[in-house]
Amino acid sequence: MDAFDVTPRLRLLRFPVGQAYLWRDDAGLTLIDAGAPGAGLPIADAVRAWGHAPEDVRRIVLTHFHEDHVGGAAEFARLSGAEVYAHRLDAPFVRGEAPGPPPVYEDWERPLHAQALAQLPAPLPEPDLPSVVRELEDDDTLDFGDGARIVGSPGHTDGSIAVHLPRHGVLFTGDAIAASPVDGQIILGVLNLDRKRAVASFARLAALPSEVACFGHGDPLTEGAGTALREAAAMYRPG
């Protein structure tokens, strides 16, 4: 796992598939997403390398239920005592009460998904899942980042969320938006459950005032994010 600062308050944790983020307040840290299964200990090491103890992480906010975002949540929650949050519609899948619905593939996405799956750890015989998940709704506010707003962004999954820190101009998009690993182009996230809703969510997130945009996949934008997101969103037609 690689880790580097995006801003003095914000650190990116990059895994073989996907990434997570640490946000720092005076009162403690928040983890946005938690990597694939087995990521709990590497996340704890990254927290220590940033000059903190795992117990300084107060909460883990999951942007959606996919394995590369929630796999390390239970392990790290046990290490840190952090509370786990997810949207109400994705929380049952995070807790393992039911299997989450698969994406509706575009033809070109199948080999991309197969490549990503090959880089994930082998599935555990008994998945390590958080037993307690605090459920979120669209427009909830959490106590970090001087008021973190939960922004519903369905389409990738029904319960996908973004996290917006309006006072800091920071937006965590989850997989609703991505940056291409080839050229950094800002694109609609792939492997969606409902492309029409995903396009609408892209437009909703692009309209938010943001200077920094942090994606579930691809390099973050560290300046002028709002303008770049609106320009990219305009390339996608609803429907």
# chains A, B, ... in the order shown; residues from 1 in each chain; ligands from 1

call {"tool": "closest_atom_pairs", "arguments": {"of": "range 130-211 of chain A", "to": "range 215-223 of chain A", "cutoff": "9 Å", "atoms": "only C-alpha atoms", "output": "tab-separated table"}}
result
residue	atom	partner	partner_atom	distance
A:Leu171	CA	A:Phe215	CA	8.5
A:Phe172	CA	A:Phe215	CA	6.1
A:Thr173	CA	A:Phe215	CA	5.3
A:Gly174	CA	A:Gly216	CA	4.6
A:Asp175	CA	A:Gly216	CA	5.1
A:Ala176	CA	A:Phe215	CA	8.1
A:Ile177	CA	A:Phe215	CA	6.4
A:Ala178	CA	A:His217	CA	5.4
A:Ala179	CA	A:Gly218	CA	4.4
A:Ser180	CA	A:Gly218	CA	6.0
A:Pro181	CA	A:Gly218	CA	5.8
A:Gly184	CA	A:Asp219	CA	7.0
A:Ile186	CA	A:Gly218	CA	8.9
A:Gly189	CA	A:His217	CA	8.5
A:Ser210	CA	A:Glu223	CA	8.6
A:Glu211	CA	A:Glu223	CA	5.0

call {"tool": "write_last_selection", "arguments": {"atoms": "N, CA, C and O atoms", "output": "PDB file, in the first residue's frame"}}
result
ATOM      1  N   LEU A 171     -14.314  17.080  -1.703  1.00  0.00           N
ATOM      2  CA  LEU A 171     -15.379  16.153  -2.067  1.00  0.00           C
ATOM      3  C   LEU A 171     -14.800  14.757  -2.236  1.00  0.00           C
ATOM      4  O   LEU A 171     -13.863  14.553  -3.020  1.00  0.00           O
ATOM      5  N   PHE A 172     -15.353  13.790  -1.505  1.00  0.00           N
ATOM      6  CA  PHE A 172     -15.019  12.377  -1.669  1.00  0.00           C
ATOM      7  C   PHE A 172     -16.140  11.749  -2.491  1.00  0.00           C
ATOM      8  O   PHE A 172     -17.281  11.679  -2.026  1.00  0.00           O
ATOM      9  N   THR A 173     -15.823  11.272  -3.684  1.00  0.00           N
ATOM     10  CA  THR A 173     -16.860  10.839  -4.618  1.00  0.00           C
ATOM     11  C   THR A 173     -17.170   9.350  -4.560  1.00  0.00           C
ATOM     12  O   THR A 173     -18.123   8.909  -5.204  1.00  0.00           O
ATOM     13  N   GLY A 174     -16.400   8.561  -3.817  1.00  0.00           N
ATOM     14  CA  GLY A 174     -16.550   7.119  -3.946  1.00  0.00           C
ATOM     15  C   GLY A 174     -16.315   6.708  -5.383  1.00  0.00           C
ATOM     16  O   GLY A 174     -15.423   7.245  -6.061  1.00  0.00           O
ATOM     17  N   ASP A 175     -17.112   5.781  -5.885  1.00  0.00           N
ATOM     18  CA  ASP A 175     -16.945   5.312  -7.263  1.00  0.00           C
ATOM     19  C   ASP A 175     -17.930   5.955  -8.227  1.00  0.00           C
ATOM     20  O   ASP A 175     -18.060   5.510  -9.368  1.00  0.00           O
ATOM     21  N   ALA A 176     -18.630   7.006  -7.783  1.00  0.00           N
ATOM     22  CA  ALA A 176     -19.522   7.712  -8.694  1.00  0.00           C
ATOM     23  C   ALA A 176     -18.750   8.395  -9.813  1.00  0.00           C
ATOM     24  O   ALA A 176     -19.237   8.530 -10.942  1.00  0.00           O
ATOM     25  N   ILE A 177     -17.542   8.832  -9.509  1.00  0.00           N
ATOM     26  CA  ILE A 177     -16.656   9.499 -10.467  1.00  0.00           C
ATOM     27  C   ILE A 177     -15.277   8.889 -10.288  1.00  0.00           C
ATOM     28  O   ILE A 177     -14.899   8.479  -9.181  1.00  0.00           O
ATOM     29  N   ALA A 178     -14.506   8.823 -11.360  1.00  0.00           N
ATOM     30  CA  ALA A 178     -13.161   8.254 -11.300  1.00  0.00           C
ATOM     31  C   ALA A 178     -12.222   9.085 -12.171  1.00  0.00           C
ATOM     32  O   ALA A 178     -12.657   9.914 -12.979  1.00  0.00           O
ATOM     33  N   ALA A 179     -10.936   8.846 -12.000  1.00  0.00           N
ATOM     34  CA  ALA A 179      -9.914   9.417 -12.875  1.00  0.00           C
ATOM     35  C   ALA A 179      -9.242   8.271 -13.611  1.00  0.00           C
ATOM     36  O   ALA A 179      -8.826   7.289 -12.992  1.00  0.00           O
ATOM     37  N   SER A 180      -9.158   8.383 -14.921  1.00  0.00           N
ATOM     38  CA  SER A 180      -8.573   7.318 -15.723  1.00  0.00           C
ATOM     39  C   SER A 180      -7.120   7.077 -15.320  1.00  0.00           C
ATOM     40  O   SER A 180      -6.339   8.030 -15.185  1.00  0.00           O
ATOM     41  N   PRO A 181      -6.711   5.810 -15.142  1.00  0.00           N
ATOM     42  CA  PRO A 181      -5.318   5.524 -14.823  1.00  0.00           C
ATOM     43  C   PRO A 181      -4.384   5.760 -16.007  1.00  0.00           C
ATOM     44  O   PRO A 181      -3.167   5.807 -15.840  1.00  0.00           O
ATOM     45  N   GLY A 184      -5.531  10.309 -16.695  1.00  0.00           N
ATOM     46  CA  GLY A 184      -6.077  11.186 -15.668  1.00  0.00           C
ATOM     47  C   GLY A 184      -7.398  11.826 -16.018  1.00  0.00           C
ATOM     48  O   GLY A 184      -7.915  12.642 -15.246  1.00  0.00           O
ATOM     49  N   ILE A 186     -11.176  12.706 -16.226  1.00  0.00           N
ATOM     50  CA  ILE A 186     -12.260  12.501 -15.272  1.00  0.00           C
ATOM     51  C   ILE A 186     -13.412  11.814 -15.997  1.00  0.00           C
ATOM     52  O   ILE A 186     -13.890  12.294 -17.028  1.00  0.00           O
ATOM     53  N   GLY A 189     -17.809   6.765 -13.096  1.00  0.00           N
ATOM     54  CA  GLY A 189     -17.364   5.502 -12.530  1.00  0.00           C
ATOM     55  C   GLY A 189     -17.914   4.313 -13.299  1.00  0.00           C
ATOM     56  O   GLY A 189     -18.991   4.393 -13.907  1.00  0.00           O
ATOM     57  N   SER A 210     -16.370  22.666  -4.937  1.00  0.00           N
ATOM     58  CA  SER A 210     -15.233  21.868  -4.474  1.00  0.00           C
ATOM     59  C   SER A 210     -13.960  22.336  -5.142  1.00  0.00           C
ATOM     60  O   SER A 210     -13.953  22.722  -6.313  1.00  0.00           O
ATOM     61  N   GLU A 211     -12.900  22.305  -4.400  1.00  0.00           N
ATOM     62  CA  GLU A 211     -11.567  22.609  -4.916  1.00  0.00           C
ATOM     63  C   GLU A 211     -10.739  21.339  -5.055  1.00  0.00           C
ATOM     64  O   GLU A 211      -9.906  21.217  -5.947  1.00  0.00           O
TER      65      GLU A 211
END

call {"tool": "residues_around", "arguments": {"residues": "Pro37 in chain A", "least_positions_apart": "6", "cutoff": "7 Å", "atoms": "only C-alpha atoms", "output": "number ranges by chain"}}
result
A: 71-72, 121

call {"tool": "select_by_dssp", "arguments": {"residues": "range 31-233 of chain A", "states": "strand (DSSP E)", "output": "ChimeraX atom specification"}}
result
/A:31-32,57-61,83-87,134-136,141-142,148-152,161-165,170-174,177-179,186-188,212-215

call {"tool": "select_by_dssp", "arguments": {"residues": "range 23-219 of chain A", "states": "helix (DSSP H, G or I)", "output": "PyMOL selection string"}}
result
chain A and resi 40-49+54-56+67-70+73-80+91-94+109-119+195-206

call {"tool": "atom_distance", "arguments": {"atom1": "CA of Phe15 in chain A", "atom2": "CA of Asp90 in chain A"}}
result
22.3 Å

call {"tool": "residues_around", "arguments": {"residues": "Ile43 in chain A", "least_positions_apart": "2", "cutoff": "8 Å", "atoms": "only C-alpha atoms", "output": "mmCIF file with C-alpha atoms, in the first residue's frame"}}
result
data_model
loop_
_atom_site.group_PDB
_atom_site.id
_atom_site.type_symbol
_atom_site.label_atom_id
_atom_site.label_comp_id
_atom_site.auth_asym_id
_atom_site.auth_seq_id
_atom_site.Cartn_x
_atom_site.Cartn_y
_atom_site.Cartn_z
ATOM 1 C CA LEU A 13 -4.040 5.305 0.998
ATOM 2 C CA ALA A 34 -11.406 0.809 4.015
ATOM 3 C CA ALA A 39 -6.403 -3.935 4.620
ATOM 4 C CA GLY A 40 -7.030 -3.343 8.331
ATOM 5 C CA LEU A 41 -3.438 -3.785 9.495
ATOM 6 C CA ASP A 45 0.353 1.185 9.921
ATOM 7 C CA ALA A 46 -0.485 4.141 7.683
ATOM 8 C CA VAL A 47 -2.206 5.906 10.571
ATOM 9 C CA PHE A 76 -9.705 -1.834 11.370
#

call {"tool": "residues_around", "arguments": {"residues": "Asp143 in chain A", "least_positions_apart": "6", "cutoff": "12 Å", "atoms": "only C-alpha atoms", "output": "tab-separated table (two decimals) with C-alpha atoms, in the first residue's frame"}}
result
chain	number	residue	atom	x	y	z
A	23	TRP	CA	-9.07	13.16	7.10
A	25	ASP	CA	-9.31	17.18	12.58
A	26	ASP	CA	-8.05	18.41	15.92
A	27	ALA	CA	-10.46	15.99	17.62
A	28	GLY	CA	-9.33	12.93	15.66
A	29	LEU	CA	-9.28	11.20	12.29
A	30	THR	CA	-11.91	9.90	9.89
A	58	ARG	CA	-13.20	7.98	15.30
A	59	ARG	CA	-15.24	6.75	12.35
A	61	VAL	CA	-17.45	6.14	6.38
A	149	ARG	CA	-22.47	16.42	4.41
A	150	ILE	CA	-23.59	13.03	3.11
A	163	VAL	CA	-18.95	13.02	1.38
A	165	LEU	CA	-16.74	19.08	3.30

call {"tool": "residues_around", "arguments": {"residues": "Asp128 in chain A", "least_positions_apart": "4", "cutoff": "12 Å", "atoms": "only C-alpha atoms", "output": "PyMOL selection string"}}
result
chain A and resi 36-40+67+70-78+94-96+123-124

call {"tool": "write_last_selection", "arguments": {"atoms": "N, CA and C atoms", "output": "PDB file, in the first residue's frame"}}
result
ATOM      1  N   ALA A  36      -9.712  -3.462   0.555  1.00  0.00           N
ATOM      2  CA  ALA A  36     -10.141  -4.848   0.384  1.00  0.00           C
ATOM      3  C   ALA A  36      -9.881  -5.652   1.656  1.00  0.00           C
ATOM      4  N   PRO A  37     -10.386  -6.896   1.739  1.00  0.00           N
ATOM      5  CA  PRO A  37     -10.083  -7.738   2.903  1.00  0.00           C
ATOM      6  C   PRO A  37      -8.584  -7.809   3.167  1.00  0.00           C
ATOM      7  N   GLY A  38      -8.220  -7.723   4.434  1.00  0.00           N
ATOM      8  CA  GLY A  38      -6.810  -7.720   4.809  1.00  0.00           C
ATOM      9  C   GLY A  38      -6.198  -6.345   4.911  1.00  0.00           C
ATOM     10  N   ALA A  39      -6.959  -5.289   4.611  1.00  0.00           N
ATOM     11  CA  ALA A  39      -6.403  -3.935   4.620  1.00  0.00           C
ATOM     12  C   ALA A  39      -6.346  -3.323   6.006  1.00  0.00           C
ATOM     13  N   GLY A  40      -6.971  -3.958   7.007  1.00  0.00           N
ATOM     14  CA  GLY A  40      -7.030  -3.343   8.331  1.00  0.00           C
ATOM     15  C   GLY A  40      -5.670  -3.042   8.934  1.00  0.00           C
ATOM     16  N   GLU A  67     -16.535  -4.791  -2.347  1.00  0.00           N
ATOM     17  CA  GLU A  67     -15.490  -5.444  -1.553  1.00  0.00           C
ATOM     18  C   GLU A  67     -14.213  -4.612  -1.436  1.00  0.00           C
ATOM     19  N   VAL A  70     -14.993  -1.938   1.422  1.00  0.00           N
ATOM     20  CA  VAL A  70     -15.437  -2.288   2.773  1.00  0.00           C
ATOM     21  C   VAL A  70     -14.643  -3.437   3.387  1.00  0.00           C
ATOM     22  N   GLY A  71     -13.765  -4.075   2.613  1.00  0.00           N
ATOM     23  CA  GLY A  71     -13.123  -5.309   3.070  1.00  0.00           C
ATOM     24  C   GLY A  71     -12.303  -5.169   4.330  1.00  0.00           C
ATOM     25  N   GLY A  72     -11.678  -4.021   4.542  1.00  0.00           N
ATOM     26  CA  GLY A  72     -10.852  -3.828   5.733  1.00  0.00           C
ATOM     27  C   GLY A  72     -11.577  -3.169   6.888  1.00  0.00           C
ATOM     28  N   ALA A  73     -12.879  -2.880   6.727  1.00  0.00           N
ATOM     29  CA  ALA A  73     -13.595  -2.087   7.727  1.00  0.00           C
ATOM     30  C   ALA A  73     -13.704  -2.796   9.066  1.00  0.00           C
ATOM     31  N   ALA A  74     -14.094  -4.074   9.055  1.00  0.00           N
ATOM     32  CA  ALA A  74     -14.283  -4.787  10.320  1.00  0.00           C
ATOM     33  C   ALA A  74     -12.970  -4.921  11.084  1.00  0.00           C
ATOM     34  N   GLU A  75     -11.921  -5.312  10.378  1.00  0.00           N
ATOM     35  CA  GLU A  75     -10.623  -5.492  11.041  1.00  0.00           C
ATOM     36  C   GLU A  75     -10.135  -4.181  11.635  1.00  0.00           C
ATOM     37  N   PHE A  76     -10.216  -3.103  10.842  1.00  0.00           N
ATOM     38  CA  PHE A  76      -9.705  -1.834  11.370  1.00  0.00           C
ATOM     39  C   PHE A  76     -10.608  -1.287  12.471  1.00  0.00           C
ATOM     40  N   ALA A  77     -11.907  -1.522  12.387  1.00  0.00           N
ATOM     41  CA  ALA A  77     -12.799  -1.082  13.459  1.00  0.00           C
ATOM     42  C   ALA A  77     -12.442  -1.751  14.777  1.00  0.00           C
ATOM     43  N   ARG A  78     -12.096  -3.037  14.733  1.00  0.00           N
ATOM     44  CA  ARG A  78     -11.683  -3.729  15.953  1.00  0.00           C
ATOM     45  C   ARG A  78     -10.373  -3.167  16.492  1.00  0.00           C
ATOM     46  N   VAL A  94     -23.178  -4.517   3.576  1.00  0.00           N
ATOM     47  CA  VAL A  94     -21.954  -4.322   4.361  1.00  0.00           C
ATOM     48  C   VAL A  94     -21.930  -5.286   5.546  1.00  0.00           C
ATOM     49  N   ARG A  95     -23.098  -5.483   6.170  1.00  0.00           N
ATOM     50  CA  ARG A  95     -23.187  -6.391   7.316  1.00  0.00           C
ATOM     51  C   ARG A  95     -23.258  -7.851   6.901  1.00  0.00           C
ATOM     52  N   GLY A  96     -23.399  -8.143   5.624  1.00  0.00           N
ATOM     53  CA  GLY A  96     -23.459  -9.517   5.161  1.00  0.00           C
ATOM     54  C   GLY A  96     -24.810 -10.175   5.339  1.00  0.00           C
ATOM     55  N   PRO A 123     -11.057 -14.641  -1.605  1.00  0.00           N
ATOM     56  CA  PRO A 123     -12.160 -14.495  -0.647  1.00  0.00           C
ATOM     57  C   PRO A 123     -11.942 -15.356   0.595  1.00  0.00           C
ATOM     58  N   LEU A 124     -12.303 -14.807   1.734  1.00  0.00           N
ATOM     59  CA  LEU A 124     -12.189 -15.554   2.978  1.00  0.00           C
ATOM     60  C   LEU A 124     -13.324 -16.568   3.071  1.00  0.00           C
TER      61      LEU A 124
END

call {"tool": "closest_residue", "arguments": {"among": "A:Asp194, A:Asp140, A:Glu83, A:Glu109", "to": "Pro154 in chain A", "atoms": "only C-alpha atoms"}}
result
A:Asp194

call {"tool": "closest_residue", "arguments": {"among": "A:Val57, A:Val133, A:Ala200, A:Ala44", "to": "Leu188 in chain A", "atoms": "only C-alpha atoms"}}
result
A:Ala200
